[in-house]
Amino acid sequence: MDRSLAVERLLRGVPPHDLPAALRSALSEHFGARAVELLMADYALTELCRVSTLPYTSDPIPVEGTTPGAAFVTQAATFDHDGASVTGYLPVSVRGDRLGILAVTLPEEPEPPVWAELERFAEALAHELFVADRDTDLYIQARRSSRLTLAAEMQWQLLPGRACTRAEFALGGQLEPAYAIYGDCFDWSASAHKLAVTLINGMGEGSEAALLTNLAVNALRNARRAGVALDAQAELADQALYAHYRGAQHVSALLLEFDLATGTADVVDAGSPRLWRLRDGKAEQVHFDDQLPLGTFEDTLYTAQRFQAVDGDRFVFVSDGVYDAAGPHGERYGERELAEAVVATADLPAAHVPGSVLRELTTRRHGEQAEDDAMVVCLDWFGPTPLSGPGPSHAVSVGTR
């Protein structure tokens, strides 16, 4: 049997918790690997944590300033040569979502096709890890350099991922502080013809804020999966929240639905998440008509507006924990600083932008604790492809601006 086929078949056949050990055994047998180690990116995307049977027992590797960190950031293999051996650090990513790094130590420098073969194994491992999270906590625990609060646990389980890439677009999102977030959340979903992006900012703190956000996100998902128009999705989620909280709690939200064949986007602005657009090197805020947060009153009606994405546009979405963040002297982050941050990160891939903006916020606070949790999501719009095709017409009318 071909060794590539043997390794990939082994990955598909072992129990989910046994993936690292099985890969270590297979690469030792077929490639003479001296060591094989799986490093998972932590929730803040600043450290790479070794996968072991006991969580929190090994020191994480910083992403910044290390060879495996460089592989994670650039999403390209990097190498360490140590006398008679060489270690390759290979990205473990699935559909643009960066999970970690596979470190493989070989007794000598192999031919380039061997590294290409090992990179395919790292990609295959990423797919298996994505599925394995259904059945084991091992890899989720490995991503944590410390314990999460209950609210953070609830929020992270809501997320669709932290990055997604397709021919038409690339997405990246991040929440901070990663281990103690409250009510901020994002969601996205793509079909053959549509891309839905949702930004949520629930009021309150701790697990109560997380419960509110959980209800909002799942109400919106339920409405979206029912196939109704964007304004109707907002109305159904609004009704679900009001029925439970009777107006005492509400959720700010920004709902978008992009037509992948045309770049036309329908938008419902129901609160505080804001949108900046980078086009031709210039960053500016995109304004929409303010509508009531979800759950404020009974039977609120919402109207979708429309705007046009142009090939090459970058959209950066932020919650109030970003644009209202206070500096050391009480000054707010503000529109000028956000525009500067969007321009300064123009050369970064979408998956890297949220972390860069949030790190700049931390620097601005001089390391002081944030007053609120913060969310940044970046969407790069590349434009339609022949596979995008015109979608089916919608039976429910959508208002335009």
# chains A, B, ... in the order shown; residues from 1 in each chain; ligands from 1
>>> residues_around(residues="Thr149 (chain A)", least_positions_apart="6", cutoff="12 Å", atoms="only C-alpha atoms", output="ChimeraX atom specification")
/A:155-156,177-182,205-207,210
>>> write_last_selection(atoms="N, CA and C atoms", output="compact mmCIF listing (two decimals), in the first residue's frame")
# COMPACT_ATOMS: atom_id res chain seq x y z
N GLN A 155 -19.60 31.19 25.20
CA GLN A 155 -19.44 31.99 24.00
C GLN A 155 -18.62 31.27 22.93
N TRP A 156 -17.49 30.66 23.34
CA TRP A 156 -16.64 30.00 22.36
C TRP A 156 -17.36 28.83 21.68
N PRO A 177 -11.40 39.89 26.20
CA PRO A 177 -10.32 38.96 26.58
C PRO A 177 -10.77 37.52 26.38
N ALA A 178 -9.94 36.73 25.73
CA ALA A 178 -10.34 35.42 25.24
C ALA A 178 -10.82 34.48 26.34
N TYR A 179 -10.31 34.64 27.54
CA TYR A 179 -10.63 33.68 28.60
C TYR A 179 -11.72 34.19 29.55
N ALA A 180 -12.27 35.39 29.26
CA ALA A 180 -13.29 35.94 30.15
C ALA A 180 -14.26 36.84 29.40
N ILE A 181 -14.71 36.42 28.20
CA ILE A 181 -15.65 37.22 27.42
C ILE A 181 -17.06 37.09 27.99
N TYR A 182 -17.92 38.06 27.63
CA TYR A 182 -19.27 38.10 28.18
C TYR A 182 -20.33 37.95 27.08
N GLU A 205 -23.25 41.16 32.03
CA GLU A 205 -21.95 40.56 32.30
C GLU A 205 -22.09 39.09 32.64
N GLY A 206 -20.96 38.39 32.56
CA GLY A 206 -20.88 37.02 33.03
C GLY A 206 -21.83 36.07 32.32
N SER A 207 -22.24 35.03 33.03
CA SER A 207 -23.04 33.97 32.42
C SER A 207 -24.41 34.48 31.99
N ALA A 210 -23.96 35.79 28.61
CA ALA A 210 -23.73 34.67 27.70
C ALA A 210 -25.03 33.94 27.38
>>> residues_around(residues="region 231-244 of chain A", least_positions_apart="3", cutoff="7 Å", atoms="only C-alpha atoms", output="PyMOL selection string")
chain A and resi 216+219-220+223-224+228+247+268+294-304
>>> write_last_selection(atoms="C-alpha atoms", output="PDB file, in the first residue's frame")
ATOM      1  CA  ALA A 216     -30.087  35.514  20.292  1.00  0.00           C
ATOM      2  CA  ALA A 219     -32.904  32.364  17.368  1.00  0.00           C
ATOM      3  CA  LEU A 220     -31.170  34.012  14.395  1.00  0.00           C
ATOM      4  CA  ALA A 223     -34.751  31.922  11.399  1.00  0.00           C
ATOM      5  CA  ARG A 224     -31.948  31.869   8.827  1.00  0.00           C
ATOM      6  CA  VAL A 228     -36.838  33.695   5.439  1.00  0.00           C
ATOM      7  CA  GLY A 247     -37.837  43.917  27.286  1.00  0.00           C
ATOM      8  CA  VAL A 268     -30.244  45.149   9.293  1.00  0.00           C
ATOM      9  CA  LEU A 294     -33.440  42.884  19.347  1.00  0.00           C
ATOM     10  CA  GLY A 295     -35.849  42.175  22.213  1.00  0.00           C
ATOM     11  CA  THR A 296     -36.517  45.804  23.182  1.00  0.00           C
ATOM     12  CA  PHE A 297     -40.256  45.866  22.447  1.00  0.00           C
ATOM     13  CA  GLU A 298     -42.884  43.394  21.333  1.00  0.00           C
ATOM     14  CA  ASP A 299     -43.452  42.880  17.580  1.00  0.00           C
ATOM     15  CA  THR A 300     -40.839  45.380  16.357  1.00  0.00           C
ATOM     16  CA  LEU A 301     -40.667  45.647  12.574  1.00  0.00           C
ATOM     17  CA  TYR A 302     -37.252  45.750  10.889  1.00  0.00           C
ATOM     18  CA  THR A 303     -36.266  46.980   7.446  1.00  0.00           C
ATOM     19  CA  ALA A 304     -33.302  45.672   5.467  1.00  0.00           C
TER      20      ALA A 304
END
>>> residues_around(residues="Val357 (chain A)", least_positions_apart="6", cutoff="8 Å", atoms="only C-alpha atoms", output="compact mmCIF listing (two decimals) with N, CA and C atoms, in the first residue's frame")
# COMPACT_ATOMS: atom_id res chain seq x y z
N ALA A 341 -6.21 52.06 12.26
CA ALA A 341 -5.92 50.64 12.48
C ALA A 341 -6.31 49.81 11.25
N VAL A 342 -7.44 50.15 10.61
CA VAL A 342 -7.88 49.42 9.42
C VAL A 342 -6.87 49.61 8.29
N THR A 345 -3.45 47.70 8.90
CA THR A 345 -3.48 46.24 8.75
C THR A 345 -3.87 45.82 7.35
N VAL A 376 -13.74 41.78 17.01
CA VAL A 376 -13.36 42.29 15.70
C VAL A 376 -13.53 41.16 14.69
>>> closest_residue(among="A:Val267, A:Val286, A:Leu125, A:Leu175", to="Leu195 (chain A)", atoms="only C-alpha atoms")
A:Val267
>>> closest_residue(among="A:Gly389, A:Pro91, A:Pro384, A:Pro112", to="Gly69 (chain A)", atoms="only C-alpha atoms")
A:Pro91
>>> select_by_dssp(residues="region 186-228 of chain A", states="strand (DSSP E or B)", output="mmCIF file with N, CA and C atoms, in the first residue's frame")
data_model
loop_
_atom_site.group_PDB
_atom_site.id
_atom_site.type_symbol
_atom_site.label_atom_id
_atom_site.label_comp_id
_atom_site.auth_asym_id
_atom_site.auth_seq_id
_atom_site.Cartn_x
_atom_site.Cartn_y
_atom_site.Cartn_z
ATOM 1 N N PHE A 186 -19.897 36.449 17.243
ATOM 2 C CA PHE A 186 -20.110 36.561 15.807
ATOM 3 C C PHE A 186 -20.519 35.209 15.257
ATOM 4 N N ASP A 187 -21.140 35.259 14.090
ATOM 5 C CA ASP A 187 -21.573 34.026 13.439
ATOM 6 C C ASP A 187 -21.511 34.251 11.937
ATOM 7 N N TRP A 188 -21.260 33.176 11.196
ATOM 8 C CA TRP A 188 -21.322 33.279 9.739
ATOM 9 C C TRP A 188 -21.716 31.928 9.161
ATOM 10 N N SER A 189 -22.248 31.989 7.953
ATOM 11 C CA SER A 189 -22.643 30.770 7.263
ATOM 12 C C SER A 189 -22.694 31.074 5.771
ATOM 13 N N ALA A 190 -22.147 30.170 4.949
ATOM 14 C CA ALA A 190 -22.128 30.368 3.507
ATOM 15 C C ALA A 190 -22.789 29.188 2.805
ATOM 16 N N LYS A 194 -25.101 32.501 -1.043
ATOM 17 C CA LYS A 194 -25.220 33.543 -0.031
ATOM 18 C C LYS A 194 -24.151 33.402 1.047
ATOM 19 N N LEU A 195 -23.759 34.530 1.614
ATOM 20 C CA LEU A 195 -22.922 34.562 2.807
ATOM 21 C C LEU A 195 -23.640 35.396 3.858
ATOM 22 N N ALA A 196 -23.936 34.799 4.996
ATOM 23 C CA ALA A 196 -24.554 35.508 6.116
ATOM 24 C C ALA A 196 -23.498 35.781 7.177
ATOM 25 N N VAL A 197 -23.440 37.015 7.655
ATOM 26 C CA VAL A 197 -22.522 37.407 8.727
ATOM 27 C C VAL A 197 -23.340 38.112 9.803
ATOM 28 N N THR A 198 -23.159 37.689 11.045
ATOM 29 C CA THR A 198 -23.915 38.244 12.161
ATOM 30 C C THR A 198 -22.962 38.693 13.256
ATOM 31 N N LEU A 199 -23.143 39.916 13.745
ATOM 32 C CA LEU A 199 -22.357 40.454 14.851
ATOM 33 C C LEU A 199 -23.304 40.742 16.005
ATOM 34 N N ILE A 200 -22.976 40.236 17.198
ATOM 35 C CA ILE A 200 -23.866 40.325 18.358
ATOM 36 C C ILE A 200 -23.142 40.988 19.523
ATOM 37 N N ASN A 201 -23.850 41.867 20.214
ATOM 38 C CA ASN A 201 -23.341 42.465 21.449
ATOM 39 C C ASN A 201 -24.457 42.433 22.479
ATOM 40 N N GLY A 202 -24.434 41.408 23.355
ATOM 41 C CA GLY A 202 -25.458 41.266 24.382
ATOM 42 C C GLY A 202 -25.153 42.111 25.603
#
>>> closest_residue(among="A:Ala270, A:Val316, A:Val310, A:Val114", to="His352 (chain A)", atoms="only C-alpha atoms")
A:Val316
>>> residues_around(residues="Asp97 (chain A)", least_positions_apart="6", cutoff="9 Å", atoms="only C-alpha atoms", output="MDAnalysis selection string")
chainID A and resid 161:165 172 351
>>> write_last_selection(atoms="N, CA and C atoms", output="CSV table (one decimal), in the first residue's frame")
chain,number,residue,atom,x,y,z
A,161,GLY,N,-16.2,29.2,14.0
A,161,GLY,CA,-14.8,29.1,13.8
A,161,GLY,C,-14.1,30.4,14.0
A,162,ARG,N,-12.8,30.5,13.7
A,162,ARG,CA,-12.2,31.8,13.8
A,162,ARG,C,-11.7,32.4,12.4
A,163,ALA,N,-11.9,31.5,11.4
A,163,ALA,CA,-11.5,32.0,10.1
A,163,ALA,C,-12.2,31.1,9.1
A,164,CYS,N,-12.4,31.6,7.9
A,164,CYS,CA,-13.1,30.8,6.8
A,164,CYS,C,-12.6,31.4,5.5
A,165,THR,N,-12.3,30.6,4.5
A,165,THR,CA,-11.8,31.1,3.3
A,165,THR,C,-12.5,30.4,2.1
A,172,GLY,N,-12.2,36.4,9.1
A,172,GLY,CA,-11.5,36.1,10.4
A,172,GLY,C,-12.1,36.9,11.5
A,351,ALA,N,-7.7,36.8,8.4
A,351,ALA,CA,-7.6,36.0,9.6
A,351,ALA,C,-6.7,36.7,10.6
>>> closest_residue(among="A:Cys185, A:Ala346, A:Leu278, A:Ala167", to="Ala261 (chain A)", atoms="only C-alpha atoms")
A:Ala167
>>> closest_residue(among="A:Ala142, A:Leu212, A:Leu275, A:Ala22", to="Tyr323 (chain A)", atoms="only C-alpha atoms")
A:Leu275
>>> residues_around(residues="region 9-17 of chain A", least_positions_apart="6", cutoff="8 Å", atoms="only C-alpha atoms", output="PyMOL selection string")
chain A and resi 23+26+124-125+128-129+132+135-136+138
>>> residues_around(residues="Ile61 (chain A)", least_positions_apart="2", cutoff="8 Å", atoms="only C-alpha atoms", output="PyMOL selection string")
chain A and resi 47-49+59+63+66+69
>>> write_last_selection(atoms="C-alpha atoms", output="PDB file, in the first residue's frame")
ATOM      1  CA  GLU A  47       0.529  30.756  22.097  1.00  0.00           C
ATOM      2  CA  LEU A  48       0.940  27.237  20.754  1.00  0.00           C
ATOM      3  CA  CYS A  49       0.076  24.581  23.339  1.00  0.00           C
ATOM      4  CA  ASP A  59       4.748  25.411  28.885  1.00  0.00           C
ATOM      5  CA  VAL A  63       3.616  32.664  18.553  1.00  0.00           C
ATOM      6  CA  THR A  66       9.507  31.566  17.396  1.00  0.00           C
ATOM      7  CA  GLY A  69       4.967  30.707  15.539  1.00  0.00           C
TER       8      GLY A  69
END
>>> closest_residue(among="A:Leu39, A:Ala122, A:Val318, A:Val7", to="Leu254 (chain A)", atoms="only C-alpha atoms")
A:Val318
